[in-house]
>>> print(open('start-v1.csv').read())   # CSV, C-alpha atoms
chain,number,residue,atom,x,y,z
N,1,MET,CA,-30.0,5.1,-15.2
N,2,THR,CA,-29.9,3.6,-18.7
N,3,SER,CA,-32.8,1.4,-19.6
N,4,TYR,CA,-32.3,-1.9,-21.5
N,5,GLY,CA,-36.0,-1.9,-22.6
N,6,GLN,CA,-36.6,-5.4,-21.4
N,7,PHE,CA,-39.1,-6.9,-19.0
N,8,CYS,CA,-36.6,-9.4,-17.8
N,9,PRO,CA,-36.0,-9.0,-14.0
N,10,MET,CA,-32.3,-9.4,-14.5
N,11,ALA,CA,-32.3,-6.6,-17.1
N,12,LYS,CA,-34.2,-4.4,-14.7
N,13,ALA,CA,-31.8,-5.2,-11.9
N,14,MET,CA,-28.8,-4.3,-14.1
N,15,GLU,CA,-30.3,-1.0,-14.9
N,16,VAL,CA,-29.6,-0.1,-11.2
N,17,LEU,CA,-26.4,-2.1,-10.6
N,18,ASP,CA,-24.2,-2.2,-13.8
N,19,GLU,CA,-22.9,1.4,-13.7
N,20,ARG,CA,-19.2,1.5,-13.0
N,21,TRP,CA,-18.3,1.5,-9.2
N,22,THR,CA,-21.9,0.8,-8.1
N,23,LEU,CA,-21.4,-2.7,-6.8
N,24,LEU,CA,-18.1,-1.7,-5.2
N,25,ILE,CA,-20.0,0.9,-3.2
N,26,VAL,CA,-22.5,-1.7,-2.1
N,27,ARG,CA,-19.5,-3.9,-1.1
N,28,GLU,CA,-18.2,-1.1,1.1
N,29,LEU,CA,-21.6,-0.6,2.7
N,30,LEU,CA,-21.9,-4.3,3.4
N,31,LEU,CA,-18.4,-4.2,5.1
N,32,GLY,CA,-19.7,-1.6,7.5
N,33,SER,CA,-18.6,1.7,5.9
N,34,THR,CA,-21.3,4.4,6.5
N,35,ARG,CA,-19.4,7.7,6.0
N,36,PHE,CA,-18.6,9.3,2.7
N,37,ASN,CA,-14.9,9.4,3.4
N,38,ASP,CA,-14.8,5.8,4.4
N,39,LEU,CA,-16.6,4.9,1.2
N,40,ARG,CA,-13.9,6.8,-0.7
N,41,ARG,CA,-11.1,5.0,1.2
N,42,GLY,CA,-12.6,1.7,0.0
N,43,ASN,CA,-12.6,3.1,-3.6
N,44,PRO,CA,-9.7,5.5,-3.6
N,45,ARG,CA,-9.6,6.0,-7.4
N,46,MET,CA,-13.3,7.1,-7.5
N,47,SER,CA,-13.8,10.9,-7.6
N,48,PRO,CA,-15.9,12.5,-4.9
N,49,ALA,CA,-18.3,13.8,-7.5
N,50,LEU,CA,-18.9,10.4,-9.0
N,51,LEU,CA,-19.3,8.8,-5.6
N,52,SER,CA,-22.0,11.4,-4.7
N,53,LYS,CA,-23.7,10.7,-8.0
N,54,ARG,CA,-23.8,6.9,-7.5
N,55,LEU,CA,-25.0,7.3,-3.9
N,56,ARG,CA,-27.9,9.5,-5.1
N,57,THR,CA,-28.8,6.9,-7.8
N,58,LEU,CA,-28.8,4.1,-5.2
N,59,GLU,CA,-30.8,6.2,-2.9
N,60,HIS,CA,-33.4,6.9,-5.6
N,61,ALA,CA,-33.5,3.2,-6.4
N,62,GLY,CA,-34.2,2.3,-2.8
N,63,VAL,CA,-31.0,0.5,-2.3
N,64,VAL,CA,-29.3,3.0,0.0
N,65,ARG,CA,-30.7,5.1,2.9
N,66,ARG,CA,-29.2,8.5,3.7
N,67,ASP,CA,-29.6,10.0,7.2
N,68,VAL,CA,-28.1,13.1,8.6
N,69,GLN,CA,-26.8,13.0,12.2
N,70,ASP,CA,-25.1,16.0,13.9
N,71,GLY,CA,-24.7,17.6,10.5
N,72,ARG,CA,-23.0,14.5,8.9
N,73,ALA,CA,-24.5,12.2,6.3
N,74,ARG,CA,-24.6,8.5,7.1
N,75,TYR,CA,-25.3,5.9,4.5
N,76,THR,CA,-26.8,2.5,5.1
N,77,LEU,CA,-28.3,-0.3,3.0
N,78,THR,CA,-32.1,-0.8,2.9
N,79,GLN,CA,-33.6,-4.3,2.9
N,80,ALA,CA,-33.1,-4.2,-0.9
N,81,GLY,CA,-29.4,-3.4,-0.4
N,82,ASP,CA,-28.9,-6.0,2.2
N,83,GLU,CA,-30.3,-8.7,-0.1
N,84,LEU,CA,-27.4,-8.0,-2.5
N,85,ALA,CA,-25.0,-9.6,0.1
N,86,PRO,CA,-25.0,-13.1,-1.6
N,87,VAL,CA,-24.6,-11.4,-5.0
N,88,ILE,CA,-21.5,-9.6,-3.8
N,89,GLN,CA,-20.1,-12.7,-2.2
N,90,ALA,CA,-20.7,-14.8,-5.3
N,91,LEU,CA,-18.9,-12.2,-7.5
N,92,GLN,CA,-15.9,-12.2,-5.0
N,93,VAL,CA,-15.7,-16.0,-5.2
N,94,TRP,CA,-15.9,-16.0,-9.0
N,95,GLY,CA,-13.2,-13.3,-9.2
N,96,VAL,CA,-10.9,-15.3,-6.9
N,97,ARG,CA,-11.4,-18.5,-8.9
N,98,TRP,CA,-11.3,-17.2,-12.5
N,99,VAL,CA,-9.6,-13.7,-12.5
N,100,GLY,CA,-6.5,-14.4,-10.5
N,101,SER,CA,-3.9,-12.2,-12.2
N,102,LEU,CA,-2.8,-9.0,-10.5
N,103,GLY,CA,-1.3,-6.2,-12.7
N,104,SER,CA,0.9,-3.5,-11.2
N,105,GLU,CA,-2.0,-1.0,-11.5
N,106,ASP,CA,-4.0,-3.3,-9.1
N,107,LEU,CA,-1.6,-2.8,-6.2
N,108,ASP,CA,-2.4,0.0,-3.8
N,109,PRO,CA,-1.0,0.1,-0.3
N,110,HIS,CA,-3.8,2.5,0.9
N,111,LEU,CA,-6.5,0.1,-0.2
N,112,LEU,CA,-4.7,-3.0,1.0
N,113,LEU,CA,-4.2,-1.6,4.5
N,114,TRP,CA,-7.7,-0.3,4.7
N,115,ASP,CA,-9.1,-3.7,3.9
N,116,MET,CA,-6.8,-5.2,6.5
N,117,LYS,CA,-7.9,-2.7,9.1
N,118,ARG,CA,-11.5,-3.7,8.6
N,119,THR,CA,-11.1,-7.4,8.6
N,120,ILE,CA,-7.9,-8.4,10.3
N,121,PRO,CA,-8.5,-11.1,13.0
N,122,THR,CA,-7.9,-9.6,16.4
N,123,ASP,CA,-8.5,-12.7,18.6
N,124,PRO,CA,-4.9,-14.0,18.2
N,125,TRP,CA,-3.3,-10.7,19.2
N,126,PRO,CA,-2.0,-10.1,22.7
N,127,SER,CA,-4.0,-7.9,25.1
N,128,GLY,CA,-3.0,-4.3,25.4
N,129,LEU,CA,-1.2,-2.5,22.5
N,130,THR,CA,0.8,-4.4,19.9
N,131,VAL,CA,2.3,-2.6,16.9
N,132,LEU,CA,3.7,-4.0,13.7
N,133,ALA,CA,5.7,-1.8,11.3
N,134,LEU,CA,5.6,-2.6,7.6
N,135,THR,CA,8.0,-1.5,4.9
N,136,PHE,CA,7.3,-2.0,1.1
N,137,PRO,CA,10.7,-1.4,-0.7
N,138,ASP,CA,8.9,-1.4,-4.0
N,139,VAL,CA,6.6,1.5,-3.2
N,140,GLU,CA,7.5,5.2,-3.4
N,141,SER,CA,8.8,6.5,-0.1
N,142,ARG,CA,5.8,8.5,1.0
N,143,ALA,CA,3.6,5.4,0.9
N,144,ALA,CA,6.2,2.7,1.7
N,145,HIS,CA,5.9,2.7,5.5
N,146,TRP,CA,2.9,1.6,7.5
N,147,TRP,CA,2.0,0.7,11.1
N,148,ILE,CA,-0.7,-1.7,12.3
N,149,CYS,CA,-1.8,-0.9,15.9
N,150,VAL,CA,-4.0,-3.4,17.7
N,151,ARG,CA,-5.3,-2.7,21.2
N,152,ASP,CA,-7.9,-4.9,22.8
N,153,GLY,CA,-9.7,-5.8,19.6
N,154,GLU,CA,-9.5,-2.3,18.0
N,155,VAL,CA,-7.4,-2.0,14.9
N,156,ASP,CA,-5.8,1.2,13.6
N,157,VAL,CA,-3.6,1.7,10.6
N,158,CYS,CA,-1.2,4.6,10.2
N,159,ASP,CA,1.0,5.9,7.4
N,160,TYR,CA,3.1,7.8,9.8
N,161,ASP,CA,5.1,6.6,12.9
N,162,PRO,CA,2.6,6.7,15.8
N,163,GLY,CA,5.6,6.7,18.3
N,164,PHE,CA,4.8,3.4,20.0
N,165,ASP,CA,7.2,0.5,20.7
N,166,VAL,CA,7.2,-1.9,17.7
N,167,ALA,CA,6.8,-5.7,18.3
N,168,ALA,CA,8.0,-6.7,14.8
N,169,ARG,CA,9.2,-5.0,11.6
N,170,LEU,CA,8.1,-6.6,8.3
N,171,THR,CA,9.9,-6.0,5.0
N,172,LEU,CA,8.2,-7.3,1.9
N,173,SER,CA,7.0,-6.2,-1.4
N,174,LEU,CA,3.5,-4.8,-1.8
N,175,ARG,CA,2.8,-7.5,-4.3
N,176,THR,CA,3.8,-10.2,-1.9
N,177,LEU,CA,1.5,-8.9,0.9
N,178,SER,CA,-1.3,-8.5,-1.6
N,179,GLU,CA,-0.9,-12.1,-2.7
N,180,ILE,CA,-0.8,-13.3,0.8
N,181,TRP,CA,-3.8,-11.4,1.8
N,182,ARG,CA,-5.8,-12.6,-1.1
N,183,GLY,CA,-4.7,-16.2,-0.6
N,184,ASP,CA,-2.7,-16.5,-3.8
N,185,ARG,CA,0.3,-17.2,-1.7
N,186,SER,CA,0.7,-18.6,1.9
N,187,TRP,CA,2.7,-17.0,4.6
N,188,ALA,CA,4.8,-20.2,4.7
N,189,SER,CA,5.6,-20.1,1.0
N,190,ALA,CA,6.5,-16.4,1.2
N,191,ALA,CA,8.9,-17.2,4.1
N,192,SER,CA,10.4,-20.2,2.5
N,193,GLY,CA,11.0,-18.2,-0.7
N,194,GLU,CA,12.6,-15.4,1.4
N,195,LEU,CA,10.0,-12.9,0.2
N,196,VAL,CA,9.3,-11.6,3.6
N,197,ASP,CA,11.6,-10.6,6.4
N,198,ILE,CA,10.3,-10.3,10.0
N,199,ASP,CA,12.6,-8.6,12.4
N,200,ALA,CA,11.4,-9.7,15.8
N,201,SER,CA,12.0,-12.3,18.5
N,202,SER,CA,11.5,-15.9,17.4
N,203,SER,CA,8.2,-16.3,19.3
N,204,ILE,CA,6.7,-13.1,17.7
N,205,ARG,CA,8.1,-14.0,14.3
N,206,ARG,CA,6.2,-17.2,14.5
N,207,ALA,CA,3.0,-15.4,15.7
N,208,VAL,CA,2.9,-12.6,13.1
N,209,PRO,CA,1.4,-14.7,10.2
N,210,ARG,CA,-1.4,-15.7,12.6
N,211,TRP,CA,-1.9,-12.1,13.8
N,212,ILE,CA,-2.2,-10.7,10.3
N,213,GLY,CA,-3.9,-13.7,8.8
N,214,GLN,CA,-5.5,-13.6,5.4
N,215,SER,CA,-8.7,-12.2,3.9
N,216,SER,CA,-11.9,-14.2,3.5
N,217,ALA,CA,-10.9,-14.7,-0.2
N,218,ALA,CA,-8.1,-17.0,0.9
N,219,SER,CA,-10.5,-19.7,1.9
N,220,VAL,CA,-12.0,-19.9,-1.6
N,221,PRO,CA,-10.9,-23.1,-3.5
N,222,ARG,CA,-9.0,-22.4,-6.6
N,223,PRO,CA,-9.5,-24.4,-9.8
N,224,GLY,CA,-6.7,-26.8,-10.7
N,225,PRO,CA,-3.7,-27.2,-8.4
N,226,ALA,CA,-4.1,-25.5,-5.1
N,227,LEU,CA,-2.3,-22.1,-4.8
N,228,VAL,CA,-2.5,-21.9,-1.0
N,229,SER,CA,-0.5,-24.2,1.1
>>> encode(input="start-v1.csv", output="structure tokens")
Amino acid sequence: MTSYGQFCPMAKAMEVLDERWTLLIVRELLLGSTRFNDLRRGNPRMSPALLSKRLRTLEHAGVVRRDVQDGRARYTLTQAGDELAPVIQALQVWGVRWVGSLGSEDLDPHLLLWDMKRTIPTDPWPSGLTVLALTFPDVESRAAHWWICVRDGEVDVCDYDPGFDVAARLTLSLRTLSEIWRGDRSWASAASGELVDIDASSSIRRAVPRWIGQSSAASVPRPGPALVS
């Protein structure tokens, strides 16, 4: 860790937290990821070597605890790490309100579907198995097709056809779904603008926006005119 050479508590805290990727690792741990590969899925552009280095730094700082169970490492937050939850939440709210633009380099189907898998609301879904198929025409073919499978409150996301009956097929751009998920655009505005096509019966077509929902970021008030209807 680099020292700022200041007695200020904020400066001491930033000696631990301001290295690149560090707070994003803490975010993943707060969201429930405990395994190395899951932490990587939440930060897919981070190299394994750098993730290992950052985890060691956080462990040394007393923010992360590493345990080995059945030969596999498991990472959890200590009390010091848990107390970063309001910091992470505040940064997310600030980012939603004041850093709203999305460049093409910010769009990643793997990361988007991983976030949806962790936080998609399952209460509105029917009991038993329900499968939605998603196609992103603007994404290269090997990452353009995804399946969301929900069974009795458990969510799985596949980038290959799982072979189950599909309740609805959605076709929309990756940008459109990213904007909907973040709350930059509503399902209603996407539909009225013909940005999303849902191939399903009328009842399921009406239910799909409620099934998928939006991330917690969608509830954050935007400055100026509301972006979410």
>>> closest_residue(input="start-v1.csv", among="N:Ala143, N:Leu24, N:Val166, N:Leu77", to="Asp108 (chain N)", atoms="only C-alpha atoms")
N:Ala143
>>> atom_distance(input="start-v1.csv", atom1="CA of Ala190 (chain N)", atom2="CA of Asn43 (chain N)")
27.7 Å
>>> atom_distance(input="start-v1.csv", atom1="CA of Val155 (chain N)", atom2="CA of Lys117 (chain N)")
5.9 Å
>>> atom_distance(input="start-v1.csv", atom1="CA of Ser201 (chain N)", atom2="CA of Trp147 (chain N)")
18.0 Å
>>> closest_residue(input="start-v1.csv", among="N:Arg151, N:Lys12, N:Arg72, N:Arg97", to="Ser127 (chain N)", atoms="all atoms listed in the file")
N:Arg151
>>> residues_around(input="start-v1.csv", residues="Pro124 (chain N)", least_positions_apart="4", cutoff="9 Å", atoms="only C-alpha atoms", output="CSV table (one decimal) with C-alpha atoms, in the coordinates of the input")
chain,number,residue,atom,x,y,z
N,207,ALA,CA,3.0,-15.4,15.7
N,210,ARG,CA,-1.4,-15.7,12.6
N,211,TRP,CA,-1.9,-12.1,13.8
N,212,ILE,CA,-2.2,-10.7,10.3
>>> residues_around(input="start-v1.csv", residues="Pro137 (chain N)", least_positions_apart="6", cutoff="10 Å", atoms="all atoms listed in the file", output="NGL selection string")
:N and (143-145 or 171-174)
>>> write_last_selection(input="start-v1.csv", atoms="C-alpha atoms", output="compact mmCIF listing (two decimals), in the coordinates of the input")
# COMPACT_ATOMS: atom_id res chain seq x y z
CA ALA N 143 3.60 5.40 0.90
CA ALA N 144 6.20 2.70 1.70
CA HIS N 145 5.90 2.70 5.50
CA THR N 171 9.90 -6.00 5.00
CA LEU N 172 8.20 -7.30 1.90
CA SER N 173 7.00 -6.20 -1.40
CA LEU N 174 3.50 -4.80 -1.80
>>> residues_around(input="start-v1.csv", residues="Thr57 (chain N)", least_positions_apart="2", cutoff="12 Å", atoms="all atoms listed in the file", output="PyMOL selection string")
chain N and resi 1-2+15-19+21-22+25+50-55+59-66
>>> write_last_selection(input="start-v1.csv", atoms="C-alpha atoms", output="mmCIF file, in the coordinates of the input")
data_model
loop_
_atom_site.group_PDB
_atom_site.id
_atom_site.type_symbol
_atom_site.label_atom_id
_atom_site.label_comp_id
_atom_site.auth_asym_id
_atom_site.auth_seq_id
_atom_site.Cartn_x
_atom_site.Cartn_y
_atom_site.Cartn_z
ATOM 1 C CA MET N 1 -30.000 5.100 -15.200
ATOM 2 C CA THR N 2 -29.900 3.600 -18.700
ATOM 3 C CA GLU N 15 -30.300 -1.000 -14.900
ATOM 4 C CA VAL N 16 -29.600 -0.100 -11.200
ATOM 5 C CA LEU N 17 -26.400 -2.100 -10.600
ATOM 6 C CA ASP N 18 -24.200 -2.200 -13.800
ATOM 7 C CA GLU N 19 -22.900 1.400 -13.700
ATOM 8 C CA TRP N 21 -18.300 1.500 -9.200
ATOM 9 C CA THR N 22 -21.900 0.800 -8.100
ATOM 10 C CA ILE N 25 -20.000 0.900 -3.200
ATOM 11 C CA LEU N 50 -18.900 10.400 -9.000
ATOM 12 C CA LEU N 51 -19.300 8.800 -5.600
ATOM 13 C CA SER N 52 -22.000 11.400 -4.700
ATOM 14 C CA LYS N 53 -23.700 10.700 -8.000
ATOM 15 C CA ARG N 54 -23.800 6.900 -7.500
ATOM 16 C CA LEU N 55 -25.000 7.300 -3.900
ATOM 17 C CA GLU N 59 -30.800 6.200 -2.900
ATOM 18 C CA HIS N 60 -33.400 6.900 -5.600
ATOM 19 C CA ALA N 61 -33.500 3.200 -6.400
ATOM 20 C CA GLY N 62 -34.200 2.300 -2.800
ATOM 21 C CA VAL N 63 -31.000 0.500 -2.300
ATOM 22 C CA VAL N 64 -29.300 3.000 0.000
ATOM 23 C CA ARG N 65 -30.700 5.100 2.900
ATOM 24 C CA ARG N 66 -29.200 8.500 3.700
#
>>> closest_residue(input="start-v1.csv", among="N:Arg27, N:Arg20, N:Arg41, N:Arg142", to="Ala85 (chain N)", atoms="all atoms listed in the file")
N:Arg27
>>> closest_residue(input="start-v1.csv", among="N:Arg169, N:Ala13, N:His110, N:Asp161", to="Ala200 (chain N)", atoms="only C-alpha atoms")
N:Arg169
>>> residues_near_point(input="start-v1.csv", point="(4.0, -6.3, 13.5)", cutoff="9 Å", atoms="all atoms listed in the file", output="JSON, numbers by chain")
{"N": [130, 131, 132, 133, 134, 147, 148, 149, 166, 167, 168, 169, 170, 198, 199, 200, 204, 205, 208, 211, 212]}
>>> residues_around(input="start-v1.csv", residues="Gly213 (chain N)", least_positions_apart="5", cutoff="8 Å", atoms="all atoms listed in the file", output="ChimeraX atom specification")
/N:120-121,181
>>> closest_residue(input="start-v1.csv", among="N:Ala11, N:Leu23, N:Leu29, N:Leu177", to="Gln92 (chain N)", atoms="only C-alpha atoms")
N:Leu23
>>> closest_residue(input="start-v1.csv", among="N:Ser192, N:Ser186, N:Ser101, N:Thr34", to="Asp67 (chain N)", atoms="all atoms listed in the file")
N:Thr34
>>> residues_around(input="start-v1.csv", residues="Gly128 (chain N)", least_positions_apart="3", cutoff="10 Å", atoms="all atoms listed in the file", output="MDAnalysis selection string")
chainID N and resid 125 150:153
>>> decode(input="start-v1.csv", residues="region 80-143 of chain N", atoms="C-alpha atoms", output="PDB file, in the first residue's frame")
ATOM      1  CA  ALA N  80     -14.250  -3.680   9.152  1.00  0.00           C
ATOM      2  CA  GLY N  81     -15.329  -4.836   5.700  1.00  0.00           C
ATOM      3  CA  ASP N  82     -19.008  -4.968   6.586  1.00  0.00           C
ATOM      4  CA  GLU N  83     -18.839  -1.364   7.777  1.00  0.00           C
ATOM      5  CA  LEU N  84     -17.949  -0.333   4.221  1.00  0.00           C
ATOM      6  CA  ALA N  85     -21.500  -1.186   3.084  1.00  0.00           C
ATOM      7  CA  PRO N  86     -22.842   2.401   3.395  1.00  0.00           C
ATOM      8  CA  VAL N  87     -19.716   3.690   1.631  1.00  0.00           C
ATOM      9  CA  ILE N  88     -20.314   1.380  -1.331  1.00  0.00           C
ATOM     10  CA  GLN N  89     -24.011   2.273  -1.393  1.00  0.00           C
ATOM     11  CA  ALA N  90     -23.247   5.987  -1.331  1.00  0.00           C
ATOM     12  CA  LEU N  91     -20.801   5.629  -4.224  1.00  0.00           C
ATOM     13  CA  GLN N  92     -23.393   3.719  -6.254  1.00  0.00           C
ATOM     14  CA  VAL N  93     -26.006   6.405  -5.647  1.00  0.00           C
ATOM     15  CA  TRP N  94     -23.541   9.147  -6.566  1.00  0.00           C
ATOM     16  CA  GLY N  95     -22.534   7.283  -9.737  1.00  0.00           C
ATOM     17  CA  VAL N  96     -26.164   6.865 -10.800  1.00  0.00           C
ATOM     18  CA  ARG N  97     -26.934  10.535 -10.228  1.00  0.00           C
ATOM     19  CA  TRP N  98     -23.829  12.175 -11.643  1.00  0.00           C
ATOM     20  CA  VAL N  99     -22.000   9.740 -13.971  1.00  0.00           C
ATOM     21  CA  GLY N 100     -24.844   8.524 -16.143  1.00  0.00           C
ATOM     22  CA  SER N 101     -23.271   8.087 -19.573  1.00  0.00           C
ATOM     23  CA  LEU N 102     -22.469   4.586 -20.823  1.00  0.00           C
ATOM     24  CA  GLY N 103     -19.746   4.099 -23.416  1.00  0.00           C
ATOM     25  CA  SER N 104     -19.602   1.021 -25.628  1.00  0.00           C
ATOM     26  CA  GLU N 105     -16.681  -0.233 -23.535  1.00  0.00           C
ATOM     27  CA  ASP N 106     -18.993  -0.297 -20.487  1.00  0.00           C
ATOM     28  CA  LEU N 107     -21.379  -2.834 -22.030  1.00  0.00           C
ATOM     29  CA  ASP N 108     -20.644  -6.459 -21.140  1.00  0.00           C
ATOM     30  CA  PRO N 109     -23.295  -9.199 -21.446  1.00  0.00           C
ATOM     31  CA  HIS N 110     -21.449 -11.510 -19.031  1.00  0.00           C
ATOM     32  CA  LEU N 111     -21.325  -8.881 -16.294  1.00  0.00           C
ATOM     33  CA  LEU N 112     -24.916  -7.744 -16.902  1.00  0.00           C
ATOM     34  CA  LEU N 113     -26.362 -11.260 -16.731  1.00  0.00           C
ATOM     35  CA  TRP N 114     -24.217 -12.068 -13.677  1.00  0.00           C
ATOM     36  CA  ASP N 115     -25.660  -9.051 -11.872  1.00  0.00           C
ATOM     37  CA  MET N 116     -29.171 -10.046 -12.912  1.00  0.00           C
ATOM     38  CA  LYS N 117     -28.623 -13.603 -11.673  1.00  0.00           C
ATOM     39  CA  ARG N 118     -27.690 -12.328  -8.215  1.00  0.00           C
ATOM     40  CA  THR N 119     -30.405  -9.746  -7.736  1.00  0.00           C
ATOM     41  CA  ILE N 120     -33.326 -10.483 -10.057  1.00  0.00           C
ATOM     42  CA  PRO N 121     -36.620 -10.482  -8.072  1.00  0.00           C
ATOM     43  CA  THR N 122     -37.955 -14.049  -7.963  1.00  0.00           C
ATOM     44  CA  ASP N 123     -41.255 -13.512  -6.109  1.00  0.00           C
ATOM     45  CA  PRO N 124     -43.211 -12.511  -9.264  1.00  0.00           C
ATOM     46  CA  TRP N 125     -42.095 -15.618 -11.177  1.00  0.00           C
ATOM     47  CA  PRO N 126     -44.400 -18.649 -11.498  1.00  0.00           C
ATOM     48  CA  SER N 127     -43.689 -21.719  -9.390  1.00  0.00           C
ATOM     49  CA  GLY N 128     -41.765 -24.482 -11.099  1.00  0.00           C
ATOM     50  CA  LEU N 129     -39.353 -23.822 -13.958  1.00  0.00           C
ATOM     51  CA  THR N 130     -39.675 -20.748 -16.172  1.00  0.00           C
ATOM     52  CA  VAL N 131     -37.142 -19.943 -18.894  1.00  0.00           C
ATOM     53  CA  LEU N 132     -36.585 -16.710 -20.805  1.00  0.00           C
ATOM     54  CA  ALA N 133     -34.350 -16.600 -23.891  1.00  0.00           C
ATOM     55  CA  LEU N 134     -32.506 -13.351 -24.647  1.00  0.00           C
ATOM     56  CA  THR N 135     -30.887 -12.361 -27.940  1.00  0.00           C
ATOM     57  CA  PHE N 136     -28.642  -9.312 -28.347  1.00  0.00           C
ATOM     58  CA  PRO N 137     -28.379  -8.591 -32.096  1.00  0.00           C
ATOM     59  CA  ASP N 138     -25.601  -6.061 -31.479  1.00  0.00           C
ATOM     60  CA  VAL N 139     -23.287  -8.549 -29.722  1.00  0.00           C
ATOM     61  CA  GLU N 140     -20.902 -10.993 -31.387  1.00  0.00           C
ATOM     62  CA  SER N 141     -22.567 -14.347 -31.975  1.00  0.00           C
ATOM     63  CA  ARG N 142     -20.771 -16.323 -29.248  1.00  0.00           C
ATOM     64  CA  ALA N 143     -22.086 -13.955 -26.558  1.00  0.00           C
TER      65      ALA N 143
END
